[in-house]
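What follows is a single structure, written as structure tokens, with notes after it.
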Amino acid sequence: MLLSAVIVASLPTLVGTPALADDSTATPVVETVPATVETAPAGATAAAPVTYSLGQRTLRRGDEGPDVTKLQKLLRVKRTGTFDTATRKAVRKVQRAAGLKANGAVTKKTLKAIKRAAKQSSSSRGLPRAGSPSASKAYARAYIASKYGWSSAQMSCLSAIWQRESGWRYTVSNPNGIYRGIPQTSARVWGSLGYSTAQYMRSPEIQIKVGTHYIKQRYGTPCGAWSFWRSHHWY
């Protein structure tokens, strides 16, 4: 009897024993991080639209901006600020005259042709039209006076040279076809000024501009060129 009591007394009791946490069934603790909302700094404004100066980008139909307005000013079309049908038509006209692909897009090469055409138009305004020998002489007289300030004496020297070179006929070429037009210049000369052969041959005004530019660069004045011509029979 005494032995039984001892055995019972030595058995561990399960009453009041804390339960062990089961890792497979424990509910995880989820930490909630508050969302961050980005806001613009106080006083900040929306970015301004990009603007371009004329020549910084290729312009095509539908483009808008101050550069389009400047282009329209050069082309002498209505300044709407939008590359519209009238603008594209004017661009293609210049491209055809310059011997470029008439696609209506204003690349740097086309812009150069447009600026050149605008400059020619300004310098020719108010001058008589060239064509026949007498008309071309009248144009040359007015042109060299306004462009270079050359006197009637210089015109006499110019007239003497070109009378012997071409008879003031803008359609003529020398036998080998290298030297053409009123001043009998070559493609090296008119090409350096940005003109195509087609442009040069159909425009006595362009020929006179090219010829006088050549004389100015090489001889200084028509009388300087005439002095050389009399000794060499070419200039």
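We name chains A, B, ... following the order of the structure tokens; residues begin at 1 in each chain, and ligands are numbered from 1 as shown.
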Shell of 9 Å around A:Met201, only C-alpha atoms, local chain residues under 3 positions omitted, as a VMD selection string: chain A and resid 170 to 172 180 to 181 196 to 198 204 206 to 207
Long-range neighbours of A:Ala113 as a PyMOL selection string, 9 Å cut-off, only C-alpha atoms, 6 positions minimum in chain: chain A and resi 94-95+98+194
Quick one: write out the picked residues with C-alpha atoms as a PDB file, in the first residue's frame?
```
ATOM      1  CA  VAL A  94      11.434  75.360-104.001  1.00  0.00           C
ATOM      2  CA  GLN A  95      12.640  71.753-103.917  1.00  0.00           C
ATOM      3  CA  ALA A  98      16.623  73.419-106.636  1.00  0.00           C
ATOM      4  CA  GLY A 194      24.198  76.019-104.705  1.00  0.00           C
TER       5      GLY A 194
END
```
Between atom CA of A:Ala130 and atom CA of A:Cys157, distance in Å (one decimal): 18.7 Å
For stretch 65-74 of chain A, find every residue with an atom within 9 Å (counting only C-alpha atoms), except residues of its own chain fewer than 6 positions away, and show them as a list in words.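 Counting only the stated atoms, we get Thr51, Tyr52, Ser53, Leu54, Gly55, Gln56, Leu59, Thr80, Gly81, Thr82, Phe83, Thr87, Ala90, Leu111, Ile114, Lys115, Ala117, Ala118 and Lys119 of chain A.
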Point out the residue among A:Ala187, A:Ile161, A:Ala97, A:Ala142 with the least atom-to-atom distance to A:His232, counting only C-alpha atoms.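 The closest residue to A:His232 is A:Ile161.
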Could you please write out, as an NGL selection string, every residue of stretch 48-187 of chain A that DSSP assigns to helix (DSSP H, G or I)? :A and (66-75 or 85-97 or 108-124 or 133-147 or 152-166 or 187)
Distance in Å - atom CA of A:Lys112 versus atom CA of A:Gln217: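 According to the coordinates, atom CA of A:Lys112 and atom CA of A:Gln217 are separated by 21.8 Å.
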Enter the distance from atom CA of A:Ala153 to atom CA of A:Ser203, in Å, rounded to one decimal.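 According to the coordinates, atom CA of A:Ala153 and atom CA of A:Ser203 are separated by 25.3 Å.
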Can you work out which one of A:Gly167, A:Trp162, A:Val210, A:Gln154 has the shortest atom-to-atom distance to A:Cys223, counting only C-alpha atoms?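 Ranking A:Gly167, A:Trp162, A:Val210, A:Gln154 by distance to A:Cys223, first place goes to A:Gln154.
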Which of stretch 65-221 of chain A end up as strand (DSSP E or B) when DSSP is run on this backbone - answer as a PyMOL selection string? chain A and resi 82+106+173+180+185
Between A:Arg79, A:Trp168, A:Leu158, A:Gly131, which residue has the minimum interatomic distance to A:Arg202, considering only C-alpha atoms?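 The shortest atom-to-atom distance to A:Arg202 comes from A:Gly131.
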